[in-house]
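Peer 1: What follows is target37.txt, made up of compact mmCIF, C-alpha atoms and all ligand atoms:
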# COMPACT_ATOMS: atom_id res chain seq x y z
CA MET M 15 0.00 0.00 0.00
CA GLN M 16 1.30 3.46 -0.86
CA GLU M 17 2.55 5.70 1.89
CA ILE M 18 -0.08 8.42 1.20
CA ILE M 19 -2.93 5.92 1.53
CA ARG M 20 -1.39 4.45 4.69
CA LYS M 21 -1.25 7.96 6.17
CA ASP M 22 -4.78 8.74 4.96
CA LEU M 23 -6.11 5.64 6.68
CA ARG M 24 -4.23 6.57 9.84
CA HIS M 25 -5.14 10.29 10.08
CA VAL M 26 -8.15 11.23 7.98
CA TRP M 27 -11.91 10.89 8.51
CA HIS M 28 -13.78 11.09 5.18
CA PRO M 29 -17.36 12.39 4.75
CA PHE M 30 -20.33 10.02 4.41
CA THR M 31 -17.91 7.11 4.74
CA HIS M 32 -18.48 3.92 6.67
CA LEU M 33 -15.29 3.62 8.71
CA LYS M 34 -15.11 -0.14 8.83
CA TYR M 35 -16.01 -1.29 5.33
CA ALA M 36 -15.11 1.67 3.12
CA GLU M 37 -13.06 1.00 0.01
CA THR M 38 -9.50 2.33 0.11
CA PRO M 39 -9.66 5.90 -1.25
CA VAL M 40 -8.31 6.63 -4.73
CA ASN M 41 -5.38 9.04 -4.70
CA ILE M 42 -6.03 11.84 -7.22
CA ILE M 43 -2.90 13.67 -8.26
CA LYS M 44 -4.30 15.82 -11.03
CA SER M 45 -7.61 16.87 -12.53
CA GLU M 46 -8.26 18.44 -15.90
CA GLY M 47 -11.41 18.96 -17.98
CA ALA M 48 -13.84 16.13 -17.24
CA TYR M 49 -11.12 13.87 -15.82
CA TYR M 50 -9.38 12.86 -12.64
CA PHE M 51 -5.91 11.31 -12.88
CA SER M 52 -4.99 8.87 -10.15
CA ASP M 53 -1.48 7.97 -9.06
CA ASP M 54 -1.87 4.43 -10.43
CA GLY M 55 -2.08 5.89 -13.94
CA ARG M 56 -5.86 5.90 -14.36
CA LYS M 57 -7.83 8.57 -16.20
CA ILE M 58 -11.28 8.64 -14.61
CA ILE M 59 -14.30 10.42 -16.12
CA ASP M 60 -15.97 12.64 -13.53
CA ALA M 61 -19.62 11.88 -14.41
CA ILE M 62 -21.02 13.62 -11.31
CA SER M 63 -19.11 16.92 -11.45
CA SER M 64 -17.35 16.13 -8.14
CA TRP M 65 -20.52 16.14 -6.05
CA TRP M 66 -22.35 18.49 -8.42
CA VAL M 67 -19.95 21.41 -8.04
CA ASN M 68 -17.91 21.48 -11.25
CA LEU M 69 -19.38 23.24 -14.30
CA HIS M 70 -16.75 24.00 -16.92
CA GLY M 71 -14.18 21.30 -16.21
CA HIS M 72 -11.37 20.86 -13.72
CA CYS M 73 -8.45 23.28 -13.65
CA HIS M 74 -10.10 25.48 -16.25
CA PRO M 75 -7.32 27.82 -17.45
CA TYR M 76 -9.49 30.94 -17.30
CA ILE M 77 -10.84 30.37 -13.77
CA SER M 78 -7.41 29.28 -12.52
CA GLU M 79 -5.86 32.44 -13.95
CA GLN M 80 -8.49 34.71 -12.37
CA VAL M 81 -8.11 33.00 -8.99
CA SER M 82 -4.35 33.25 -9.12
CA ARG M 83 -4.60 36.94 -10.08
CA GLN M 84 -6.89 37.53 -7.09
CA LEU M 85 -4.35 35.80 -4.85
CA GLN M 86 -1.81 38.49 -5.76
CA THR M 87 -4.08 41.35 -4.65
CA ASN M 88 -6.43 40.40 -1.79
CA GLU M 89 -6.69 36.79 -0.72
CA HIS M 90 -9.14 37.51 2.07
CA SER M 91 -10.51 40.47 3.96
CA ILE M 92 -13.13 40.81 6.69
CA PHE M 93 -16.63 41.52 5.35
CA SER M 94 -18.18 43.30 8.29
CA GLY M 95 -17.52 47.04 7.97
CA PHE M 96 -15.44 46.36 4.83
CA THR M 97 -16.21 45.36 1.28
CA HIS M 98 -14.30 44.49 -1.90
CA PRO M 99 -15.00 44.77 -5.63
CA GLY M 100 -15.39 41.01 -6.21
CA ALA M 101 -18.29 40.63 -3.76
CA VAL M 102 -20.10 43.73 -5.00
CA THR M 103 -19.71 42.83 -8.68
CA LEU M 104 -20.76 39.24 -8.02
CA ALA M 105 -23.87 40.41 -6.13
CA GLU M 106 -24.80 42.83 -8.92
CA ARG M 107 -24.27 40.26 -11.67
CA LEU M 108 -26.02 37.37 -9.91
CA LEU M 109 -29.09 39.47 -9.20
CA LYS M 110 -29.57 39.75 -12.97
CA HIS M 111 -29.94 35.95 -13.15
CA LEU M 112 -31.84 35.34 -9.91
CA PRO M 113 -35.65 35.40 -9.80
CA ALA M 114 -37.20 38.82 -10.38
CA GLY M 115 -37.66 40.67 -7.11
CA GLN M 116 -34.49 39.35 -5.44
CA GLU M 117 -32.65 42.43 -4.25
CA ARG M 118 -30.00 41.50 -1.71
CA ILE M 119 -27.19 38.98 -1.53
CA PHE M 120 -25.95 37.51 1.76
CA PHE M 121 -22.71 35.50 1.60
CA SER M 122 -21.84 32.34 3.48
CA ASP M 123 -19.66 29.27 3.00
CA ASP M 124 -21.47 26.37 1.31
CA GLY M 125 -24.89 24.90 0.56
CA SER M 126 -25.75 24.05 4.16
CA THR M 127 -24.89 27.50 5.46
CA SER M 128 -26.79 29.17 2.63
CA VAL M 129 -29.85 27.21 3.81
CA GLU M 130 -29.18 27.95 7.47
CA VAL M 131 -29.05 31.66 6.61
CA ALA M 132 -32.31 31.38 4.66
CA LEU M 133 -34.13 29.70 7.57
CA LYS M 134 -32.86 32.23 10.11
CA MET M 135 -33.59 35.13 7.73
CA ALA M 136 -37.19 33.94 7.33
CA LEU M 137 -37.74 33.35 11.04
CA GLN M 138 -36.28 36.68 12.08
CA TYR M 139 -38.30 38.42 9.39
CA TRP M 140 -41.45 37.43 11.30
CA TYR M 141 -39.82 38.12 14.67
CA ASN M 142 -38.83 41.64 13.59
CA LYS M 143 -42.39 42.25 12.48
CA GLY M 144 -43.69 41.12 15.89
CA ASP M 145 -45.39 38.07 14.39
CA ASN M 146 -45.05 34.69 16.03
CA ARG M 147 -44.80 32.52 12.89
CA ARG M 148 -42.22 29.76 13.58
CA LEU M 149 -43.17 26.71 11.54
CA PHE M 150 -41.54 25.55 8.30
CA ILE M 151 -43.10 23.42 5.59
CA ALA M 152 -40.80 21.22 3.53
CA PHE M 153 -41.04 18.28 1.17
CA GLU M 154 -40.68 14.68 2.29
CA ASN M 155 -37.33 13.18 1.25
CA ALA M 156 -35.79 16.66 1.00
CA TYR M 157 -32.10 17.28 1.55
CA HIS M 158 -31.03 20.78 2.58
CA GLY M 159 -27.64 20.10 4.15
CA ASP M 160 -26.08 18.87 7.36
CA THR M 161 -26.38 21.80 9.77
CA PHE M 162 -29.15 21.54 12.37
CA GLY M 163 -31.57 23.78 10.50
CA GLY M 164 -30.83 22.00 7.23
CA MET M 165 -31.33 18.61 8.87
CA SER M 166 -34.59 19.76 10.49
CA VAL M 167 -36.19 20.78 7.21
CA GLY M 168 -34.71 17.74 5.47
CA ALA M 169 -36.05 14.20 5.47
CA ARG M 170 -35.82 12.40 8.79
CA ASN M 171 -33.68 9.41 7.94
CA VAL M 172 -30.39 7.64 8.56
CA PHE M 173 -28.50 10.89 7.84
CA ASN M 174 -29.81 12.53 10.98
CA GLN M 175 -31.43 9.90 13.18
CA ALA M 176 -28.74 10.34 15.87
CA PHE M 177 -29.92 13.94 16.26
CA SER M 178 -33.65 13.46 15.85
CA SER M 179 -34.59 14.76 19.30
CA GLN M 180 -32.64 17.99 18.65
CA LEU M 181 -34.33 18.81 15.33
CA PHE M 182 -37.16 21.33 15.31
CA ASP M 183 -40.70 20.52 14.19
CA VAL M 184 -41.44 20.81 10.47
CA VAL M 185 -44.51 19.81 8.48
CA HIS M 186 -43.32 17.57 5.64
CA ILE M 187 -45.55 17.05 2.61
CA PRO M 188 -45.03 14.73 -0.38
CA ILE M 189 -43.86 16.21 -3.68
CA PRO M 190 -46.79 16.48 -6.12
CA ALA M 191 -47.27 13.53 -8.47
CA SER M 192 -47.53 14.37 -12.18
CA ASP M 193 -51.29 13.62 -12.10
CA GLU M 194 -51.76 15.26 -8.69
CA SER M 195 -55.33 15.66 -7.49
CA GLU M 196 -57.10 18.87 -6.55
CA ASP M 197 -57.35 17.46 -3.05
CA TYR M 198 -53.55 17.74 -2.60
CA PHE M 199 -53.68 21.50 -3.21
CA GLU M 200 -56.80 21.92 -1.08
CA GLN M 201 -55.10 20.09 1.80
CA PHE M 202 -52.02 22.27 1.34
CA GLU M 203 -54.08 25.44 1.59
CA LYS M 204 -55.97 24.08 4.59
CA MET M 205 -52.63 23.42 6.27
CA LEU M 206 -51.43 26.97 5.51
CA ARG M 207 -54.61 28.34 7.11
CA HIS M 208 -54.34 26.07 10.11
CA HIS M 209 -50.61 26.33 10.91
CA VAL M 210 -49.86 29.84 9.57
CA PRO M 211 -46.25 28.79 8.76
CA ALA M 212 -43.24 31.10 8.52
CA ALA M 213 -41.89 29.63 5.29
CA PHE M 214 -41.99 26.84 2.72
CA ILE M 215 -38.61 25.49 1.62
CA PHE M 216 -38.17 23.31 -1.48
CA GLU M 217 -35.65 22.04 -3.98
CA PRO M 218 -37.28 23.34 -7.18
CA LEU M 219 -38.20 20.59 -9.69
CA VAL M 220 -35.47 18.09 -8.69
CA GLN M 221 -34.80 16.58 -5.27
CA GLY M 222 -31.14 15.69 -5.80
CA ALA M 223 -30.09 13.65 -2.78
CA ALA M 224 -33.49 11.91 -2.68
CA GLY M 225 -32.43 10.18 -5.91
CA MET M 226 -33.01 12.87 -8.54
CA GLN M 227 -36.76 12.77 -7.90
CA MET M 228 -38.49 15.17 -10.30
CA TYR M 229 -41.82 16.98 -10.18
CA GLU M 230 -43.56 19.45 -12.39
CA ALA M 231 -43.18 23.21 -12.52
CA ARG M 232 -46.93 23.78 -12.88
CA HIS M 233 -47.53 22.04 -9.53
CA LEU M 234 -44.79 23.97 -7.75
CA ASN M 235 -46.28 27.15 -9.22
CA ARG M 236 -49.59 26.36 -7.54
CA LEU M 237 -47.98 25.64 -4.18
CA MET M 238 -45.98 28.86 -4.39
CA GLN M 239 -49.07 30.79 -5.42
CA LEU M 240 -50.93 29.52 -2.35
CA CYS M 241 -47.98 30.49 -0.16
CA ARG M 242 -48.04 33.99 -1.64
CA LYS M 243 -51.77 34.22 -0.93
CA HIS M 244 -51.16 33.30 2.73
CA GLU M 245 -47.97 35.37 3.06
CA VAL M 246 -45.77 32.32 3.61
CA ILE M 247 -42.15 33.02 2.58
CA ARG M 248 -41.01 30.83 -0.36
CA ILE M 249 -37.43 29.56 -0.04
CA ALA M 250 -35.99 27.94 -3.18
CA ASP M 251 -32.96 25.78 -2.40
CA GLU M 252 -31.13 25.91 -5.74
CA VAL M 253 -27.89 24.57 -4.30
CA MET M 254 -28.00 21.59 -6.67
CA THR M 255 -30.30 22.88 -9.42
CA GLY M 256 -28.52 26.21 -9.99
CA PHE M 257 -26.19 27.13 -12.86
CA GLY M 258 -27.71 25.21 -15.72
CA ARG M 259 -28.14 21.73 -14.27
CA THR M 260 -31.85 21.61 -15.14
CA GLY M 261 -31.33 23.16 -18.59
CA LYS M 262 -32.08 26.73 -17.47
CA PHE M 263 -29.85 29.06 -15.48
CA PHE M 264 -31.93 28.41 -12.35
CA ALA M 265 -34.77 25.91 -11.94
CA ASN M 266 -36.81 28.93 -10.88
CA ASP M 267 -36.68 30.04 -14.51
CA TYR M 268 -39.26 27.33 -15.29
CA LEU M 269 -41.69 28.98 -12.86
CA GLU M 270 -44.07 31.89 -13.13
CA GLU M 271 -44.05 32.32 -9.35
CA LYS M 272 -40.78 33.68 -7.99
CA ALA M 273 -39.11 32.64 -4.73
CA ASP M 274 -38.68 35.20 -1.95
CA ILE M 275 -35.39 33.69 -0.81
CA THR M 276 -32.95 31.65 -2.91
CA CYS M 277 -30.02 29.50 -1.72
CA ILE M 278 -27.14 28.86 -4.09
CA SER M 279 -23.73 27.23 -3.78
CA LYS M 280 -22.06 24.19 -5.46
CA GLY M 281 -21.67 25.41 -9.09
CA LEU M 282 -21.42 29.03 -7.91
CA THR M 283 -17.60 29.02 -8.11
CA GLY M 284 -17.46 26.50 -10.95
CA GLY M 285 -16.35 23.93 -8.38
CA TYR M 286 -13.24 25.83 -7.33
CA MET M 287 -13.92 27.14 -3.83
CA PRO M 288 -16.59 26.80 -1.17
CA LEU M 289 -19.02 29.72 -1.25
CA GLY M 290 -22.70 30.04 -0.40
CA ILE M 291 -25.19 32.77 -1.19
CA THR M 292 -28.66 33.50 0.12
CA SER M 293 -30.52 36.11 -1.88
CA CYS M 294 -33.72 37.74 -0.71
CA ALA M 295 -36.51 39.98 -1.88
CA GLY M 296 -36.61 43.63 -0.87
CA PHE M 297 -39.48 43.17 1.59
CA ILE M 298 -37.40 40.70 3.66
CA TYR M 299 -34.43 43.07 3.82
CA GLU M 300 -36.70 45.95 4.83
CA ALA M 301 -37.86 44.08 7.94
CA TYR M 302 -34.28 44.37 9.20
CA LEU M 303 -33.94 48.09 8.38
CA SER M 304 -34.68 49.59 11.76
CA GLU M 305 -33.44 52.04 14.39
CA ASP M 306 -33.72 49.12 16.78
CA LYS M 307 -30.36 47.30 17.01
CA THR M 308 -31.98 44.07 18.15
CA LYS M 309 -33.45 43.75 14.66
CA THR M 310 -29.96 43.20 13.20
CA PHE M 311 -29.35 39.90 11.41
CA PHE M 312 -26.63 38.57 13.72
CA HIS M 313 -25.13 36.04 11.40
CA GLY M 314 -21.77 35.79 9.64
CA HIS M 315 -18.82 33.52 9.00
CA SER M 316 -15.07 34.19 9.18
CA TYR M 317 -14.76 33.64 5.43
CA THR M 318 -17.95 35.48 4.44
CA ALA M 319 -17.58 36.71 0.83
CA ASN M 320 -14.01 35.44 0.64
CA PRO M 321 -12.44 37.46 -2.22
CA THR M 322 -10.69 34.44 -3.76
CA ALA M 323 -13.96 32.49 -3.85
CA CYS M 324 -15.70 35.55 -5.33
CA ALA M 325 -13.01 35.75 -8.05
CA ALA M 326 -13.66 32.09 -8.91
CA ALA M 327 -17.43 32.75 -8.96
CA LEU M 328 -17.02 35.77 -11.25
CA ALA M 329 -14.79 33.83 -13.64
CA SER M 330 -17.24 30.91 -13.65
CA LEU M 331 -20.08 33.37 -14.29
CA ASP M 332 -18.16 34.83 -17.26
CA LEU M 333 -18.08 31.31 -18.71
CA MET M 334 -21.71 30.58 -17.78
CA GLU M 335 -22.83 33.65 -19.70
CA LYS M 336 -21.11 32.53 -22.89
CA GLN M 337 -23.25 31.06 -25.65
CA ASP M 338 -20.80 28.20 -25.83
CA THR M 339 -21.84 27.01 -22.35
CA ALA M 340 -25.53 27.20 -23.23
CA ASN M 341 -24.71 25.13 -26.33
CA HIS M 342 -22.96 22.49 -24.23
CA ILE M 343 -25.90 22.27 -21.82
CA PHE M 344 -28.25 21.89 -24.78
CA ARG M 345 -25.95 19.27 -26.34
CA ILE M 346 -25.81 17.18 -23.13
CA GLN M 347 -29.57 17.48 -22.66
CA GLY M 348 -30.13 16.22 -26.23
CA LEU M 349 -27.76 13.28 -25.79
CA HIS M 350 -29.38 12.32 -22.47
CA GLU M 351 -32.84 12.45 -24.07
CA ASN M 352 -31.71 10.28 -27.00
CA TYR M 353 -30.21 7.69 -24.71
CA LEU M 354 -33.28 7.76 -22.48
CA ARG M 355 -35.50 6.94 -25.47
CA PHE M 356 -33.22 4.07 -26.42
CA PHE M 357 -33.00 2.83 -22.80
CA ARG M 358 -36.77 2.87 -22.27
CA LYS M 359 -37.24 0.58 -25.25
CA PHE M 360 -34.99 -2.07 -23.74
CA TYR M 361 -35.75 -1.55 -20.04
CA PRO M 362 -39.33 -0.29 -19.80
CA HIS M 363 -39.59 -1.61 -16.22
CA ILE M 364 -36.75 0.63 -14.95
CA PRO M 365 -37.96 4.11 -14.02
CA ALA M 366 -35.65 6.57 -15.76
CA ARG M 367 -35.85 10.34 -16.01
CA SER M 368 -33.93 13.38 -17.18
CA LEU M 369 -34.08 17.12 -16.93
CA GLY M 370 -31.42 19.33 -18.50
CA THR M 371 -28.03 17.75 -17.83
CA ILE M 372 -29.36 15.36 -15.15
CA LEU M 373 -30.08 11.75 -16.08
CA ALA M 374 -31.22 9.16 -13.52
CA PHE M 375 -32.20 5.48 -13.39
CA GLU M 376 -34.01 4.02 -10.42
CA ILE M 377 -33.13 0.36 -10.11
CA PRO M 378 -35.98 -1.58 -8.52
CA ALA M 379 -34.58 -2.92 -5.28
CA GLU M 380 -35.77 -4.57 -2.15
CA GLY M 381 -36.40 -2.03 0.57
CA GLY M 382 -37.18 0.71 -1.98
CA THR M 383 -35.16 3.81 -2.71
CA HIS M 384 -32.79 4.73 0.05
CA TYR M 385 -29.22 5.83 0.49
CA LEU M 386 -27.97 2.72 2.30
CA ASN M 387 -29.26 0.33 -0.35
CA PRO M 388 -26.28 -2.03 -0.89
CA LEU M 389 -26.82 -1.79 -4.66
CA GLY M 390 -25.03 1.56 -4.47
CA GLU M 391 -21.68 -0.09 -3.75
CA SER M 392 -21.95 -2.54 -6.62
CA ILE M 393 -22.91 0.28 -9.02
CA SER M 394 -19.90 2.35 -7.91
CA SER M 395 -17.42 -0.49 -8.26
CA PHE M 396 -18.78 -1.55 -11.68
CA PHE M 397 -18.31 1.98 -13.03
CA MET M 398 -14.96 2.51 -11.34
CA SER M 399 -13.77 -0.63 -13.09
CA LYS M 400 -14.65 1.27 -16.31
CA ASN M 401 -12.83 4.39 -15.05
CA ILE M 402 -16.05 6.34 -14.57
CA LEU M 403 -16.80 8.16 -11.33
CA ILE M 404 -20.46 7.61 -10.51
CA ARG M 405 -21.66 7.93 -6.93
CA PRO M 406 -25.14 6.45 -6.86
CA LEU M 407 -27.77 7.55 -4.39
CA GLY M 408 -28.48 4.07 -3.06
CA ASN M 409 -30.24 2.28 -5.92
CA VAL M 410 -30.42 5.42 -8.08
CA LEU M 411 -27.72 5.64 -10.73
CA TYR M 412 -27.39 9.15 -12.13
CA LEU M 413 -25.22 11.41 -14.25
CA VAL M 414 -24.62 15.10 -13.62
CA PRO M 415 -21.58 15.72 -15.83
CA PRO M 416 -19.51 18.88 -16.18
CA TYR M 417 -20.52 20.84 -19.29
CA CYS M 418 -17.17 20.25 -21.00
CA ILE M 419 -17.73 16.47 -21.18
CA SER M 420 -17.29 15.22 -24.76
CA ASN M 421 -19.89 13.38 -26.82
CA HIS M 422 -17.42 10.51 -27.01
CA ASP M 423 -17.20 10.21 -23.21
CA LEU M 424 -20.96 10.47 -22.81
CA GLU M 425 -21.49 7.74 -25.41
CA TYR M 426 -18.94 5.59 -23.57
CA ILE M 427 -20.80 6.15 -20.25
CA TYR M 428 -24.15 5.28 -21.87
CA SER M 429 -22.66 2.08 -23.30
CA CYS M 430 -21.40 1.15 -19.82
CA ILE M 431 -24.87 1.85 -18.39
CA SER M 432 -26.39 -0.49 -21.00
CA GLU M 433 -23.75 -3.10 -20.14
CA PHE M 434 -24.52 -2.70 -16.43
CA PHE M 435 -28.23 -3.28 -16.98
CA SER M 436 -27.70 -6.21 -19.32
CA ALA M 437 -25.32 -7.97 -16.88
C1 LIG J 501 -30.42 20.95 -2.36
C2 LIG J 501 -29.22 20.96 -1.46
N1 LIG J 501 -29.17 21.85 -0.46
C3 LIG J 501 -28.11 21.92 0.37
C4 LIG J 501 -27.05 21.07 0.22
C5 LIG J 501 -25.86 21.15 1.14
O1 LIG J 501 -24.76 21.69 0.45
P1 LIG J 501 -23.27 21.51 1.03
O2 LIG J 501 -22.92 20.08 0.87
O3 LIG J 501 -22.45 22.42 0.17
O4 LIG J 501 -23.30 21.95 2.45
C6 LIG J 501 -27.06 20.12 -0.81
C7 LIG J 501 -25.95 19.18 -0.99
O5 LIG J 501 -26.01 18.23 -1.72
C8 LIG J 501 -28.19 20.06 -1.67
O6 LIG J 501 -28.27 19.17 -2.67
Would you write the structure of this file as structure tokens?
Ligand SMILES: Cc1ncc(COP(=O)(O)O)c(C=O)c1O

Peer 2:
Amino acid sequence: MQEIIRKDLRHVWHPFTHLKYAETPVNIIKSEGAYYFSDDGRKIIDAISSWWVNLHGHCHPYISEQVSRQLQTNEHSIFSGFTHPGAVTLAERLLKHLPAGQERIFFSDDGSTSVEVALKMALQYWYNKGDNRRLFIAFENAYHGDTFGGMSVGARNVFNQAFSSQLFDVVHIPIPASDESEDYFEQFEKMLRHHVPAAFIFEPLVQGAAGMQMYEARHLNRLMQLCRKHEVIRIADEVMTGFGRTGKFFANDYLEEKADITCISKGLTGGYMPLGITSCAGFIYEAYLSEDKTKTFFHGHSYTANPTACAAALASLDLMEKQDTANHIFRIQGLHENYLRFFRKFYPHIPARSLGTILAFEIPAEGGTHYLNPLGESISSFFMSKNILIRPLGNVLYLVPPYCISNHDLEYIYSCISEFFSA
């Protein structure tokens, strides 16, 4: 065993990793474009964008250059009482892409903290207005991160069962089925009347960690409309769906209703640096504008609006705004749809779905869809033997590739998927 792996096994604790039975980690010494290069000479296709963060490819020369330039001028500066051009420009430019009505950008560190900020922002909004609304509504099977607020609004499952007694009460409702009944919406409105919740948080159109579960924009529109009618704050968690994954810049772009608060992270820096953003509508911000100092939003992180992360985000945004990137997203979407048509002919009993650059297959398995389904390990090792990084969500095999992935690599991945299902 190599020295680095021996040391890793001795000193390091990896995320979401079973300590006793985990496979020995693969030592990545270089990454470029859609590939990882391991020290045993393998070139591995990153079919999941390194946990959904990478957009334009690894070590993209333009982003790397902008980050390195930033490192010569201001690597980090405090963001309370101080500002810097990167944060201001990023805020201004992102607001042009975020849902209409979003007016302010609050910076944090990652997806979980962007959600934590959103939950606190919504709760204190009501507190500052002297209203006692405390309850959140969320979808069943949701994933909003690993902080306590994120866990509370997320699904109650193996991810957080050790903390269940410390999580706050949330009303969880199922995502709407494609042929959802009127009764579902009537019950939802009844619940809004009865509970008078503070906010409704949702992953718009795709529940990523739940196994790329998808639901329709027209149904989410109705739920959001009802929330607007009952003054319930709408929080869109676009941490996974943002930056083109669903085929549009944000999943919110499929909706007529617009969120009041939006959480973004992951693709925000093109996969370079951790950075989270919570944007909000003007009316939320105004509830904090007061002579009364107790109405301040007392939240911040040491690395809030880190200038190097902002430089990466601006460079990634430059690339996102290029027609070339839109073309790549469109190309991947088309290839996914073609393969899906082909796949459905041969495997009509396997539920398969796609939206934008996301493609998912739900392998029927005993015990249903869940993260600990042992099928996940056999899927991973099959694809690793083909030099493809796929990290299934239990029995759900999915692709979320970086936009630079070639047609050739996608065709190779599809052929391996067909081989996997025919085995
Ligand atoms: C929808 C959603 N929200 C929040 C998070 C948490 O993000 P992070 O892992 O950056 O804390 C994730 C992570 O997968 C996510 O998919």

Peer 1: Counting all atoms listed in the file, what residues are within 6 Å of ligand LIG 501 (chain J), given as a PDB file with C-alpha atoms, in the coordinates of the input?

Peer 2:
ATOM      1  CA  ASP M 124     -21.470  26.370   1.310  1.00  0.00           C
ATOM      2  CA  GLY M 125     -24.890  24.900   0.560  1.00  0.00           C
ATOM      3  CA  SER M 126     -25.750  24.050   4.160  1.00  0.00           C
ATOM      4  CA  TYR M 157     -32.100  17.280   1.550  1.00  0.00           C
ATOM      5  CA  HIS M 158     -31.030  20.780   2.580  1.00  0.00           C
ATOM      6  CA  GLY M 159     -27.640  20.100   4.150  1.00  0.00           C
ATOM      7  CA  GLU M 217     -35.650  22.040  -3.980  1.00  0.00           C
ATOM      8  CA  GLY M 222     -31.140  15.690  -5.800  1.00  0.00           C
ATOM      9  CA  ALA M 223     -30.090  13.650  -2.780  1.00  0.00           C
ATOM     10  CA  ASP M 251     -32.960  25.780  -2.400  1.00  0.00           C
ATOM     11  CA  VAL M 253     -27.890  24.570  -4.300  1.00  0.00           C
ATOM     12  CA  MET M 254     -28.000  21.590  -6.670  1.00  0.00           C
ATOM     13  CA  LYS M 280     -22.060  24.190  -5.460  1.00  0.00           C
TER      14      LYS M 280
END

Peer 1: Counting only C-alpha atoms, find the residues whose atoms lie at most 10 Å from (-38.9, 42.5, 19.4) (file coordinates) and write them out as a ChimeraX atom specification.

Peer 2: /M:138,140-145,306,308-309

Peer 1: Please, could you write that set of residues out with C-alpha atoms as a compact mmCIF listing (two decimals), in the frame of the given file?

Peer 2:
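After the write, part_15.txt holds the following:
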# COMPACT_ATOMS: atom_id res chain seq x y z
CA GLN M 138 -36.28 36.68 12.08
CA TRP M 140 -41.45 37.43 11.30
CA TYR M 141 -39.82 38.12 14.67
CA ASN M 142 -38.83 41.64 13.59
CA LYS M 143 -42.39 42.25 12.48
CA GLY M 144 -43.69 41.12 15.89
CA ASP M 145 -45.39 38.07 14.39
CA ASP M 306 -33.72 49.12 16.78
CA THR M 308 -31.98 44.07 18.15
CA LYS M 309 -33.45 43.75 14.66

Peer 1: Identify the residues around (-36.0, 4.6, -11.1) within a radius of 8 Å, measuring from all atoms listed in the file in the coordinates stated by the file, and give them as a ChimeraX atom specification.

Peer 2: /M:364-367,374-378,410

Peer 1: Just the number, please: distance in Å from CA of Tyr428 in chain M to CA of Ala231 in chain M, one decimal.

Peer 2: 27.8 Å

Peer 1: Which residue gives the smallest distance to Ile427 in chain M among M:Lys44, M:Lys134, M:Arg24, M:His350, with all atoms listed in the file counted?

Peer 2: M:His350

Peer 1: Would you kindly return, as a ChimeraX atom specification, each protein, DNA or RNA residue with an atom no farther than 9 Å from any atom of Ser122 in chain M, considering only C-alpha atoms and excluding same-chain residues fewer than 3 positions away?

Peer 2: /M:125,127-128,131,288-292,314-315,317-320

Peer 1: Which is closest to Glu425 in chain M among M:Ser394, M:Ser178, M:Asn352, M:Thr103, if we use all atoms listed in the file?

Peer 2: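 That would be M:Asn352, the residue with the smallest distance to Glu425 in chain M.
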
Peer 1: Can you pull out the residues contacting Leu109 in chain M? Cut-off 10 Å, using all atoms listed in the file, and skip same-chain residues under 4 positions away; I want them as an mmCIF file with C-alpha atoms, in the frame of the given file.

Peer 2:
data_model
loop_
_atom_site.group_PDB
_atom_site.id
_atom_site.type_symbol
_atom_site.label_atom_id
_atom_site.label_comp_id
_atom_site.auth_asym_id
_atom_site.auth_seq_id
_atom_site.Cartn_x
_atom_site.Cartn_y
_atom_site.Cartn_z
ATOM 1 C CA THR M 103 -19.710 42.830 -8.680
ATOM 2 C CA LEU M 104 -20.760 39.240 -8.020
ATOM 3 C CA ALA M 105 -23.870 40.410 -6.130
ATOM 4 C CA PRO M 113 -35.650 35.400 -9.800
ATOM 5 C CA ALA M 114 -37.200 38.820 -10.380
ATOM 6 C CA GLY M 115 -37.660 40.670 -7.110
ATOM 7 C CA GLN M 116 -34.490 39.350 -5.440
ATOM 8 C CA GLU M 117 -32.650 42.430 -4.250
ATOM 9 C CA ARG M 118 -30.000 41.500 -1.710
ATOM 10 C CA ILE M 119 -27.190 38.980 -1.530
ATOM 11 C CA SER M 293 -30.520 36.110 -1.880
ATOM 12 C CA CYS M 294 -33.720 37.740 -0.710
#

Peer 1: Please determine, counting only C-alpha atoms, which residue among M:Ile215, M:Ile18, M:Ala61, M:Ala152 has the shortest atom-to-atom distance to Val129 in chain M.

Peer 2: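 Between M:Ile215, M:Ile18, M:Ala61, M:Ala152, the residue approaching Val129 in chain M most closely is M:Ile215.
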